[in-house]
Amino acid sequence: MILTAVLWTALALTAVWMLLRYLPASVDATYPLPYLNALTPLLAAPLVVLAVLAAASHRPGAFWAAAVLLAVHLLWALTFWLPLPPAVLSALGSPRQSMQTSVSSGFSGQFSVMTVNVMRGRADASAILHQAKLLGVDVLAVQEVNDSFVERFHEEGALSVFSHEQLGEKTHHDNAGYNALWSRLPVTEASGALLEGMGSNTPVMTVSVGSEQVRIVSAHPYSPHRSLAQWHSDIATLGELAGSGPAAASIPTVVMGDLNSSTFHPVFRSVVDAGLLDSSLELHAGPHATFPASWALMPPVIEIDHVLHTRELVATSVQTVQIPRTDHKALVSTLQWK
């Protein structure tokens, strides 16, 4: 009797936890929802344990309940591997995987971008520059930058690789540091702050890819533990870049960075559904976990670093890269016109 009660209580709590995914984006800032949603991908492990216990103790009802929850979890994972119909995605509470319309200029040029959180400026600047050169990165976005990191990056020869630099405008409430952009592509326009009201200012560059122009933004929404309200507002504000807000532009836009959110957060999914596609999700090559990347006994399990882009572009590759002395993996994506 005790085991039966334990099994059904654990299954009920897990089911409620999983249902949090379906809450509207407007309530996503309620404590502790952001933390619970972030950890939802890890629920598969306890569900397997519960299923095994139920089977071993001959409790078929509890076994099938665990099996159903595991099946839902598997379907969520499949959204990263298979192109699913919109109706199925809606039922799963999953973001749109691709846009139906294309605004192609007929230009087929490619460019490569990389984003990395440097953990309060502590990351290995030499390793970042080496990987950027090795992978042919055209535009680099960095978060949690400080003056010490910029100085070390310069000493490593960053400006001989990336001829254009744009640092985010500093504020007294920066999210563990400011944001920055470096580009080896020609820059026609740049600013240290694009979106208003962000916890950390969002530097922006308009770069030339052949004959085409692309706007690129480095973003780092507040960490939830610093301010849930600011975290929610920062992520929602990114939707302004999708084509309908005051920060929208008539040229393709890429926004990348440590966005402190995943597809399990309703507010993040609302940004994707607004028209900022997630490069990792649209490739159907599995998730690209980026955090935590420096914990001794735990591999990265959460995908909170992203390369998002508007509908004129499509991702052709995404990969993660290990960088010493930071708790995030770098994320590298190649993009081209549709």
# chains A, B, ... in the order shown; residues from 1 in each chain; ligands from 1
>>> residues_around(residues="A:Val27", least_positions_apart="5", cutoff="10 Å", atoms="only C-alpha atoms", output="list in words")
Leu33, Pro34, His232, Pro266 and Val267 of chain A
>>> write_last_selection(atoms="N, CA and C atoms", output="mmCIF file, in the first residue's frame")
data_model
loop_
_atom_site.group_PDB
_atom_site.id
_atom_site.type_symbol
_atom_site.label_atom_id
_atom_site.label_comp_id
_atom_site.auth_asym_id
_atom_site.auth_seq_id
_atom_site.Cartn_x
_atom_site.Cartn_y
_atom_site.Cartn_z
ATOM 1 N N LEU A 33 7.960 28.755 -11.610
ATOM 2 C CA LEU A 33 7.726 28.183 -12.940
ATOM 3 C C LEU A 33 8.957 28.189 -13.842
ATOM 4 N N PRO A 34 9.728 29.290 -13.948
ATOM 5 C CA PRO A 34 10.879 29.254 -14.851
ATOM 6 C C PRO A 34 11.879 28.151 -14.524
ATOM 7 N N HIS A 232 11.370 37.813 -17.658
ATOM 8 C CA HIS A 232 10.219 37.633 -18.547
ATOM 9 C C HIS A 232 10.126 38.775 -19.552
ATOM 10 N N PRO A 266 7.208 28.901 -21.932
ATOM 11 C CA PRO A 266 6.184 29.481 -22.804
ATOM 12 C C PRO A 266 6.562 30.844 -23.368
ATOM 13 N N VAL A 267 7.223 31.696 -22.588
ATOM 14 C CA VAL A 267 7.565 33.027 -23.089
ATOM 15 C C VAL A 267 8.589 32.940 -24.213
#
>>> residues_around(residues="stretch 242-253 of chain A", least_positions_apart="4", cutoff="12 Å", atoms="only C-alpha atoms", output="PyMOL selection string")
chain A and resi 102-105+193-196+202+204-209+212-218+236-238+270-277+307-314+335-338
>>> write_last_selection(atoms="N, CA and C atoms", output="tab-separated table (two decimals), in the first residue's frame")
chain	number	residue	atom	x	y	z
A	102	SER	N	8.31	32.70	-47.36
A	102	SER	CA	9.70	33.09	-47.53
A	102	SER	C	9.76	34.41	-48.26
A	103	VAL	N	10.67	35.27	-47.82
A	103	VAL	CA	10.85	36.55	-48.47
A	103	VAL	C	12.27	36.56	-49.02
A	104	SER	N	12.52	35.69	-49.99
A	104	SER	CA	13.87	35.49	-50.50
A	104	SER	C	14.22	36.52	-51.55
A	105	SER	N	15.46	36.97	-51.49
A	105	SER	CA	15.96	37.89	-52.50
A	105	SER	C	16.60	37.13	-53.65
A	193	ALA	N	23.11	49.96	-28.17
A	193	ALA	CA	21.83	49.63	-27.53
A	193	ALA	C	20.73	49.70	-28.56
A	194	LEU	N	19.99	48.61	-28.70
A	194	LEU	CA	18.88	48.58	-29.66
A	194	LEU	C	17.54	48.53	-28.95
A	195	LEU	N	17.31	47.47	-28.18
A	195	LEU	CA	16.02	47.27	-27.52
A	195	LEU	C	15.97	48.05	-26.21
A	196	GLU	N	14.85	48.67	-25.93
A	196	GLU	CA	14.71	49.46	-24.71
A	196	GLU	C	14.23	48.60	-23.55
A	202	THR	N	21.54	45.74	-25.68
A	202	THR	CA	21.72	44.84	-26.82
A	202	THR	C	22.46	45.56	-27.94
A	204	VAL	N	24.08	46.15	-31.57
A	204	VAL	CA	23.57	45.72	-32.87
A	204	VAL	C	24.51	46.17	-33.96
A	205	MET	N	24.66	45.35	-34.99
A	205	MET	CA	25.43	45.69	-36.18
A	205	MET	C	24.61	45.35	-37.41
A	206	THR	N	24.71	46.18	-38.43
A	206	THR	CA	24.21	45.83	-39.75
A	206	THR	C	25.43	45.49	-40.60
A	207	VAL	N	25.51	44.22	-41.02
A	207	VAL	CA	26.68	43.75	-41.76
A	207	VAL	C	26.31	43.47	-43.20
A	208	SER	N	27.30	43.53	-44.07
A	208	SER	CA	27.10	43.24	-45.49
A	208	SER	C	27.55	41.81	-45.78
A	209	VAL	N	26.65	41.01	-46.30
A	209	VAL	CA	26.97	39.66	-46.77
A	209	VAL	C	26.83	39.71	-48.28
A	212	GLU	N	23.93	41.85	-49.80
A	212	GLU	CA	22.80	41.88	-48.89
A	212	GLU	C	23.19	42.44	-47.52
A	213	GLN	N	22.20	42.95	-46.80
A	213	GLN	CA	22.40	43.49	-45.46
A	213	GLN	C	21.69	42.60	-44.43
A	214	VAL	N	22.35	42.36	-43.30
A	214	VAL	CA	21.78	41.58	-42.21
A	214	VAL	C	22.03	42.32	-40.90
A	215	ARG	N	21.00	42.42	-40.09
A	215	ARG	CA	21.13	43.03	-38.77
A	215	ARG	C	21.37	41.93	-37.74
A	216	ILE	N	22.40	42.11	-36.90
A	216	ILE	CA	22.77	41.09	-35.92
A	216	ILE	C	22.82	41.71	-34.52
A	217	VAL	N	22.21	41.01	-33.57
A	217	VAL	CA	22.05	41.52	-32.21
A	217	VAL	C	22.61	40.50	-31.22
A	218	SER	N	23.32	41.00	-30.20
A	218	SER	CA	23.78	40.16	-29.08
A	218	SER	C	22.90	40.46	-27.87
A	236	ALA	N	10.44	38.46	-23.71
A	236	ALA	CA	9.29	38.90	-24.51
A	236	ALA	C	9.67	40.04	-25.45
A	237	THR	N	10.56	40.93	-24.99
A	237	THR	CA	10.95	42.08	-25.80
A	237	THR	C	11.68	41.65	-27.07
A	238	LEU	N	12.33	40.50	-27.05
A	238	LEU	CA	13.01	40.02	-28.25
A	238	LEU	C	12.04	39.84	-29.41
A	270	SER	N	6.80	31.88	-27.37
A	270	SER	CA	6.03	32.97	-27.98
A	270	SER	C	6.90	33.82	-28.89
A	271	VAL	N	8.17	33.94	-28.55
A	271	VAL	CA	9.11	34.69	-29.40
A	271	VAL	C	9.37	33.94	-30.70
A	272	VAL	N	9.56	32.61	-30.59
A	272	VAL	CA	9.77	31.80	-31.79
A	272	VAL	C	8.53	31.84	-32.68
A	273	ASP	N	7.37	31.70	-32.08
A	273	ASP	CA	6.13	31.72	-32.87
A	273	ASP	C	5.86	33.08	-33.49
A	274	ALA	N	6.43	34.14	-32.90
A	274	ALA	CA	6.25	35.48	-33.47
A	274	ALA	C	7.04	35.65	-34.76
A	275	GLY	N	8.03	34.77	-35.00
A	275	GLY	CA	8.76	34.85	-36.26
A	275	GLY	C	10.27	34.82	-36.13
A	276	LEU	N	10.79	34.63	-34.89
A	276	LEU	CA	12.23	34.45	-34.72
A	276	LEU	C	12.52	32.96	-34.61
A	277	LEU	N	12.91	32.34	-35.69
A	277	LEU	CA	13.09	30.90	-35.73
A	277	LEU	C	14.34	30.49	-34.97
A	307	VAL	N	20.60	30.75	-31.42
A	307	VAL	CA	20.73	31.63	-32.59
A	307	VAL	C	19.35	31.69	-33.23
A	308	LEU	N	18.68	32.83	-33.11
A	308	LEU	CA	17.36	33.04	-33.68
A	308	LEU	C	17.47	33.94	-34.90
A	309	HIS	N	16.57	33.75	-35.85
A	309	HIS	CA	16.62	34.57	-37.06
A	309	HIS	C	15.23	34.75	-37.66
A	310	THR	N	15.08	35.78	-38.45
A	310	THR	CA	13.80	36.04	-39.11
A	310	THR	C	13.64	35.13	-40.33
A	311	ARG	N	12.45	35.19	-40.93
A	311	ARG	CA	12.02	34.18	-41.90
A	311	ARG	C	12.76	34.22	-43.23
A	312	GLU	N	13.50	35.28	-43.51
A	312	GLU	CA	14.22	35.34	-44.79
A	312	GLU	C	15.40	34.39	-44.83
A	313	LEU	N	15.84	33.92	-43.65
A	313	LEU	CA	17.04	33.11	-43.52
A	313	LEU	C	16.69	31.68	-43.12
A	314	VAL	N	17.65	30.79	-43.31
A	314	VAL	CA	17.50	29.41	-42.87
A	314	VAL	C	18.86	28.94	-42.36
A	335	LEU	N	24.18	30.31	-41.57
A	335	LEU	CA	22.88	30.77	-42.08
A	335	LEU	C	23.01	31.15	-43.55
A	336	GLN	N	21.90	31.04	-44.26
A	336	GLN	CA	21.86	31.52	-45.63
A	336	GLN	C	20.46	31.97	-45.98
A	337	TRP	N	20.32	32.65	-47.12
A	337	TRP	CA	18.99	33.08	-47.57
A	337	TRP	C	18.21	31.89	-48.07
A	338	LYS	N	16.91	31.93	-47.88
A	338	LYS	CA	16.05	30.87	-48.40
A	338	LYS	C	15.99	30.94	-49.92
>>> residues_around(residues="stretch 289-299 of chain A", least_positions_apart="2", cutoff="7 Å", atoms="only C-alpha atoms", output="PDB file with N, CA and C atoms, in the first residue's frame")
ATOM      1  N   PRO A 287      18.647  18.402 -30.120  1.00  0.00           N
ATOM      2  CA  PRO A 287      18.953  19.608 -29.347  1.00  0.00           C
ATOM      3  C   PRO A 287      20.454  19.820 -29.231  1.00  0.00           C
ATOM      4  N   VAL A 301      22.938  19.795 -20.206  1.00  0.00           N
ATOM      5  CA  VAL A 301      21.632  19.151 -20.369  1.00  0.00           C
ATOM      6  C   VAL A 301      20.548  20.131 -20.794  1.00  0.00           C
ATOM      7  N   ILE A 302      20.830  21.445 -20.761  1.00  0.00           N
ATOM      8  CA  ILE A 302      19.814  22.448 -21.055  1.00  0.00           C
ATOM      9  C   ILE A 302      20.286  23.329 -22.212  1.00  0.00           C
ATOM     10  N   GLU A 303      19.409  23.581 -23.130  1.00  0.00           N
ATOM     11  CA  GLU A 303      19.737  24.425 -24.293  1.00  0.00           C
ATOM     12  C   GLU A 303      19.171  25.830 -24.043  1.00  0.00           C
ATOM     13  N   ILE A 304      20.026  26.705 -23.483  1.00  0.00           N
ATOM     14  CA  ILE A 304      19.570  28.065 -23.196  1.00  0.00           C
ATOM     15  C   ILE A 304      20.306  29.122 -24.016  1.00  0.00           C
ATOM     16  N   ASP A 305      21.288  28.701 -24.805  1.00  0.00           N
ATOM     17  CA  ASP A 305      21.946  29.603 -25.755  1.00  0.00           C
ATOM     18  C   ASP A 305      21.336  29.327 -27.131  1.00  0.00           C
ATOM     19  N   THR A 326      34.418  28.700 -18.757  1.00  0.00           N
ATOM     20  CA  THR A 326      33.065  29.249 -18.773  1.00  0.00           C
ATOM     21  C   THR A 326      32.072  28.113 -18.603  1.00  0.00           C
ATOM     22  N   ASP A 327      30.911  28.413 -18.029  1.00  0.00           N
ATOM     23  CA  ASP A 327      29.904  27.376 -17.775  1.00  0.00           C
ATOM     24  C   ASP A 327      28.921  27.214 -18.938  1.00  0.00           C
ATOM     25  N   HIS A 328      29.205  27.853 -20.069  1.00  0.00           N
ATOM     26  CA  HIS A 328      28.390  27.686 -21.270  1.00  0.00           C
ATOM     27  C   HIS A 328      29.255  27.182 -22.419  1.00  0.00           C
ATOM     28  N   LYS A 329      28.699  26.300 -23.223  1.00  0.00           N
ATOM     29  CA  LYS A 329      29.335  25.992 -24.499  1.00  0.00           C
ATOM     30  C   LYS A 329      29.021  27.118 -25.486  1.00  0.00           C
TER      31      LYS A 329
END
>>> residues_around(residues="stretch 29-31 of chain A", least_positions_apart="2", cutoff="12 Å", atoms="only C-alpha atoms", output="number ranges by chain")
A: 20, 23-27, 33-37, 222-225, 227-236, 261, 265-268
>>> residues_around(residues="stretch 165-168 of chain A", least_positions_apart="5", cutoff="7 Å", atoms="only C-alpha atoms", output="list in words")
Tyr178, Asn179, Ala180, Leu181, Trp182, Ser183, Ala190, Ser191, Gly192, Ala193, Asn201, Thr202 and Pro203 of chain A
>>> select_by_dssp(residues="stretch 104-262 of chain A", states="strand (DSSP E or B)", output="PyMOL selection string")
chain A and resi 110-117+139-145+164-167+178-183+187-191+204-209+212-218+253-258
>>> write_last_selection(atoms="N, CA and C atoms", output="compact mmCIF listing (two decimals), in the first residue's frame")
# COMPACT_ATOMS: atom_id res chain seq x y z
N GLN A 110 26.20 32.58 -47.79
CA GLN A 110 26.19 32.05 -46.44
C GLN A 110 27.05 32.91 -45.53
N PHE A 111 26.75 32.86 -44.24
CA PHE A 111 27.61 33.47 -43.25
C PHE A 111 27.49 32.68 -41.96
N SER A 112 28.54 32.76 -41.14
CA SER A 112 28.61 31.97 -39.92
C SER A 112 28.63 32.89 -38.70
N VAL A 113 27.88 32.50 -37.67
CA VAL A 113 27.82 33.29 -36.44
C VAL A 113 28.13 32.38 -35.26
N MET A 114 28.62 33.00 -34.19
CA MET A 114 28.96 32.26 -32.98
C MET A 114 28.57 33.10 -31.78
N THR A 115 28.02 32.46 -30.76
CA THR A 115 27.68 33.15 -29.52
C THR A 115 28.24 32.37 -28.34
N VAL A 116 28.72 33.11 -27.34
CA VAL A 116 29.26 32.46 -26.14
C VAL A 116 29.13 33.39 -24.94
N ASN A 117 28.70 32.82 -23.83
CA ASN A 117 28.69 33.51 -22.54
C ASN A 117 30.04 33.27 -21.89
N VAL A 139 30.65 36.59 -37.60
CA VAL A 139 30.19 37.52 -36.56
C VAL A 139 30.15 36.78 -35.23
N LEU A 140 30.76 37.37 -34.23
CA LEU A 140 30.84 36.78 -32.89
C LEU A 140 30.05 37.62 -31.91
N ALA A 141 29.16 36.97 -31.16
CA ALA A 141 28.40 37.64 -30.10
C ALA A 141 28.86 37.08 -28.77
N VAL A 142 29.11 37.98 -27.80
CA VAL A 142 29.62 37.56 -26.50
C VAL A 142 28.77 38.21 -25.41
N GLN A 143 28.49 37.44 -24.35
CA GLN A 143 27.73 37.96 -23.21
C GLN A 143 28.57 37.83 -21.93
N GLU A 144 28.19 38.63 -20.92
CA GLU A 144 28.91 38.72 -19.65
C GLU A 144 30.35 39.19 -19.86
N VAL A 145 30.49 40.16 -20.73
CA VAL A 145 31.80 40.75 -21.02
C VAL A 145 32.14 41.80 -19.97
N HIS A 164 35.73 44.84 -36.96
CA HIS A 164 34.69 45.71 -36.41
C HIS A 164 34.28 45.23 -35.03
N GLU A 165 34.17 46.17 -34.10
CA GLU A 165 33.80 45.87 -32.72
C GLU A 165 32.70 46.81 -32.27
N GLN A 166 31.69 46.23 -31.59
CA GLN A 166 30.65 47.05 -30.99
C GLN A 166 30.34 46.52 -29.61
N LEU A 167 30.68 47.32 -28.60
CA LEU A 167 30.38 46.94 -27.23
C LEU A 167 29.03 47.49 -26.82
N TYR A 178 28.43 43.15 -19.67
CA TYR A 178 27.72 43.68 -20.82
C TYR A 178 27.87 42.76 -22.03
N ASN A 179 27.18 43.07 -23.10
CA ASN A 179 27.21 42.27 -24.32
C ASN A 179 28.11 42.93 -25.36
N ALA A 180 28.54 42.15 -26.34
CA ALA A 180 29.45 42.69 -27.35
C ALA A 180 29.28 41.93 -28.67
N LEU A 181 29.71 42.58 -29.75
CA LEU A 181 29.72 41.99 -31.09
C LEU A 181 31.05 42.28 -31.76
N TRP A 182 31.56 41.29 -32.47
CA TRP A 182 32.73 41.48 -33.33
C TRP A 182 32.41 40.90 -34.71
N SER A 183 32.84 41.58 -35.77
CA SER A 183 32.53 41.15 -37.14
C SER A 183 33.74 41.27 -38.04
N VAL A 187 30.72 46.46 -41.89
CA VAL A 187 29.62 46.97 -41.06
C VAL A 187 29.19 48.33 -41.58
N THR A 188 27.91 48.46 -41.87
CA THR A 188 27.38 49.72 -42.39
C THR A 188 26.74 50.57 -41.31
N GLU A 189 26.37 49.95 -40.20
CA GLU A 189 25.72 50.68 -39.11
C GLU A 189 25.88 49.88 -37.83
N ALA A 190 26.04 50.57 -36.69
CA ALA A 190 26.20 49.88 -35.42
C ALA A 190 25.76 50.78 -34.28
N SER A 191 25.35 50.13 -33.18
CA SER A 191 24.91 50.87 -31.99
C SER A 191 25.13 50.01 -30.76
N VAL A 204 24.08 46.15 -31.57
CA VAL A 204 23.57 45.72 -32.87
C VAL A 204 24.51 46.17 -33.96
N MET A 205 24.66 45.35 -34.99
CA MET A 205 25.43 45.69 -36.18
C MET A 205 24.61 45.35 -37.41
N THR A 206 24.71 46.18 -38.43
CA THR A 206 24.21 45.83 -39.75
C THR A 206 25.43 45.49 -40.60
N VAL A 207 25.51 44.22 -41.02
CA VAL A 207 26.68 43.75 -41.76
C VAL A 207 26.31 43.47 -43.20
N SER A 208 27.30 43.53 -44.07
CA SER A 208 27.10 43.24 -45.49
C SER A 208 27.55 41.81 -45.78
N VAL A 209 26.65 41.01 -46.30
CA VAL A 209 26.97 39.66 -46.77
C VAL A 209 26.83 39.71 -48.28
N GLU A 212 23.93 41.85 -49.80
CA GLU A 212 22.80 41.88 -48.89
C GLU A 212 23.19 42.44 -47.52
N GLN A 213 22.20 42.95 -46.80
CA GLN A 213 22.40 43.49 -45.46
C GLN A 213 21.69 42.60 -44.43
N VAL A 214 22.35 42.36 -43.30
CA VAL A 214 21.78 41.58 -42.21
C VAL A 214 22.03 42.32 -40.90
N ARG A 215 21.00 42.42 -40.09
CA ARG A 215 21.13 43.03 -38.77
C ARG A 215 21.37 41.93 -37.74
N ILE A 216 22.40 42.11 -36.90
CA ILE A 216 22.77 41.09 -35.92
C ILE A 216 22.82 41.71 -34.52
N VAL A 217 22.21 41.01 -33.57
CA VAL A 217 22.05 41.52 -32.21
C VAL A 217 22.61 40.50 -31.22
N SER A 218 23.32 41.00 -30.20
CA SER A 218 23.78 40.16 -29.08
C SER A 218 22.90 40.46 -27.87
N THR A 253 17.15 39.66 -39.75
CA THR A 253 17.70 39.91 -38.42
C THR A 253 18.09 38.61 -37.75
N VAL A 254 19.23 38.62 -37.08
CA VAL A 254 19.69 37.50 -36.27
C VAL A 254 19.89 38.01 -34.85
N VAL A 255 19.30 37.34 -33.88
CA VAL A 255 19.55 37.69 -32.47
C VAL A 255 20.05 36.43 -31.79
N MET A 256 21.19 36.55 -31.14
CA MET A 256 21.80 35.37 -30.52
C MET A 256 22.39 35.72 -29.17
N GLY A 257 22.54 34.68 -28.35
CA GLY A 257 23.12 34.89 -27.05
C GLY A 257 22.65 33.86 -26.05
N ASP A 258 23.06 34.07 -24.81
CA ASP A 258 22.55 33.30 -23.68
C ASP A 258 21.19 33.89 -23.35
>>> closest_residue(among="A:Leu283, A:Leu134, A:Ala51, A:Val161", to="A:Val68", atoms="only C-alpha atoms")
A:Ala51
>>> decode(residues="stretch 120-143 of chain A", atoms="N, CA and C atoms", output="PDB file, in the first residue's frame")
ATOM      1  N   ARG A 120      31.216  36.086 -16.663  1.00  0.00           N
ATOM      2  CA  ARG A 120      31.782  37.260 -15.977  1.00  0.00           C
ATOM      3  C   ARG A 120      33.191  37.603 -16.471  1.00  0.00           C
ATOM      4  N   GLY A 121      33.419  37.370 -17.765  1.00  0.00           N
ATOM      5  CA  GLY A 121      34.693  37.721 -18.377  1.00  0.00           C
ATOM      6  C   GLY A 121      35.819  36.753 -18.107  1.00  0.00           C
ATOM      7  N   ARG A 122      35.537  35.590 -17.495  1.00  0.00           N
ATOM      8  CA  ARG A 122      36.605  34.672 -17.097  1.00  0.00           C
ATOM      9  C   ARG A 122      37.034  33.705 -18.199  1.00  0.00           C
ATOM     10  N   ALA A 123      36.254  33.546 -19.242  1.00  0.00           N
ATOM     11  CA  ALA A 123      36.527  32.537 -20.257  1.00  0.00           C
ATOM     12  C   ALA A 123      37.863  32.780 -20.948  1.00  0.00           C
ATOM     13  N   ASP A 124      38.374  31.728 -21.545  1.00  0.00           N
ATOM     14  CA  ASP A 124      39.661  31.767 -22.237  1.00  0.00           C
ATOM     15  C   ASP A 124      39.514  32.520 -23.558  1.00  0.00           C
ATOM     16  N   ALA A 125      40.003  33.757 -23.594  1.00  0.00           N
ATOM     17  CA  ALA A 125      39.868  34.591 -24.794  1.00  0.00           C
ATOM     18  C   ALA A 125      40.614  33.985 -25.974  1.00  0.00           C
ATOM     19  N   SER A 126      41.770  33.379 -25.704  1.00  0.00           N
ATOM     20  CA  SER A 126      42.554  32.760 -26.768  1.00  0.00           C
ATOM     21  C   SER A 126      41.794  31.605 -27.414  1.00  0.00           C
ATOM     22  N   ALA A 127      41.131  30.782 -26.588  1.00  0.00           N
ATOM     23  CA  ALA A 127      40.379  29.640 -27.121  1.00  0.00           C
ATOM     24  C   ALA A 127      39.201  30.107 -27.968  1.00  0.00           C
ATOM     25  N   ILE A 128      38.531  31.163 -27.536  1.00  0.00           N
ATOM     26  CA  ILE A 128      37.399  31.690 -28.303  1.00  0.00           C
ATOM     27  C   ILE A 128      37.867  32.167 -29.674  1.00  0.00           C
ATOM     28  N   LEU A 129      38.967  32.922 -29.691  1.00  0.00           N
ATOM     29  CA  LEU A 129      39.484  33.425 -30.961  1.00  0.00           C
ATOM     30  C   LEU A 129      39.964  32.283 -31.853  1.00  0.00           C
ATOM     31  N   HIS A 130      40.608  31.291 -31.249  1.00  0.00           N
ATOM     32  CA  HIS A 130      41.078  30.139 -32.024  1.00  0.00           C
ATOM     33  C   HIS A 130      39.905  29.410 -32.676  1.00  0.00           C
ATOM     34  N   GLN A 131      38.851  29.148 -31.907  1.00  0.00           N
ATOM     35  CA  GLN A 131      37.694  28.448 -32.462  1.00  0.00           C
ATOM     36  C   GLN A 131      37.003  29.288 -33.527  1.00  0.00           C
ATOM     37  N   ALA A 132      36.938  30.598 -33.320  1.00  0.00           N
ATOM     38  CA  ALA A 132      36.315  31.469 -34.313  1.00  0.00           C
ATOM     39  C   ALA A 132      37.070  31.416 -35.637  1.00  0.00           C
ATOM     40  N   LYS A 133      38.386  31.423 -35.563  1.00  0.00           N
ATOM     41  CA  LYS A 133      39.188  31.336 -36.789  1.00  0.00           C
ATOM     42  C   LYS A 133      39.063  29.954 -37.419  1.00  0.00           C
ATOM     43  N   LEU A 134      39.127  28.920 -36.586  1.00  0.00           N
ATOM     44  CA  LEU A 134      39.055  27.546 -37.087  1.00  0.00           C
ATOM     45  C   LEU A 134      37.743  27.268 -37.803  1.00  0.00           C
ATOM     46  N   LEU A 135      36.651  27.815 -37.275  1.00  0.00           N
ATOM     47  CA  LEU A 135      35.317  27.547 -37.820  1.00  0.00           C
ATOM     48  C   LEU A 135      34.867  28.604 -38.826  1.00  0.00           C
ATOM     49  N   GLY A 136      35.713  29.577 -39.095  1.00  0.00           N
ATOM     50  CA  GLY A 136      35.378  30.596 -40.087  1.00  0.00           C
ATOM     51  C   GLY A 136      34.215  31.479 -39.676  1.00  0.00           C
ATOM     52  N   VAL A 137      34.154  31.847 -38.392  1.00  0.00           N
ATOM     53  CA  VAL A 137      33.052  32.659 -37.884  1.00  0.00           C
ATOM     54  C   VAL A 137      33.146  34.075 -38.443  1.00  0.00           C
ATOM     55  N   ASP A 138      32.031  34.559 -38.963  1.00  0.00           N
ATOM     56  CA  ASP A 138      31.981  35.913 -39.523  1.00  0.00           C
ATOM     57  C   ASP A 138      31.584  36.951 -38.483  1.00  0.00           C
ATOM     58  N   VAL A 139      30.649  36.593 -37.595  1.00  0.00           N
ATOM     59  CA  VAL A 139      30.193  37.520 -36.559  1.00  0.00           C
ATOM     60  C   VAL A 139      30.147  36.775 -35.234  1.00  0.00           C
ATOM     61  N   LEU A 140      30.765  37.368 -34.225  1.00  0.00           N
ATOM     62  CA  LEU A 140      30.845  36.778 -32.890  1.00  0.00           C
ATOM     63  C   LEU A 140      30.054  37.623 -31.905  1.00  0.00           C
ATOM     64  N   ALA A 141      29.160  36.975 -31.163  1.00  0.00           N
ATOM     65  CA  ALA A 141      28.401  37.641 -30.102  1.00  0.00           C
ATOM     66  C   ALA A 141      28.859  37.082 -28.765  1.00  0.00           C
ATOM     67  N   VAL A 142      29.113  37.984 -27.804  1.00  0.00           N
ATOM     68  CA  VAL A 142      29.615  37.560 -26.495  1.00  0.00           C
ATOM     69  C   VAL A 142      28.774  38.215 -25.407  1.00  0.00           C
ATOM     70  N   GLN A 143      28.494  37.441 -24.353  1.00  0.00           N
ATOM     71  CA  GLN A 143      27.733  37.956 -23.214  1.00  0.00           C
ATOM     72  C   GLN A 143      28.571  37.834 -21.932  1.00  0.00           C
TER      73      GLN A 143
END
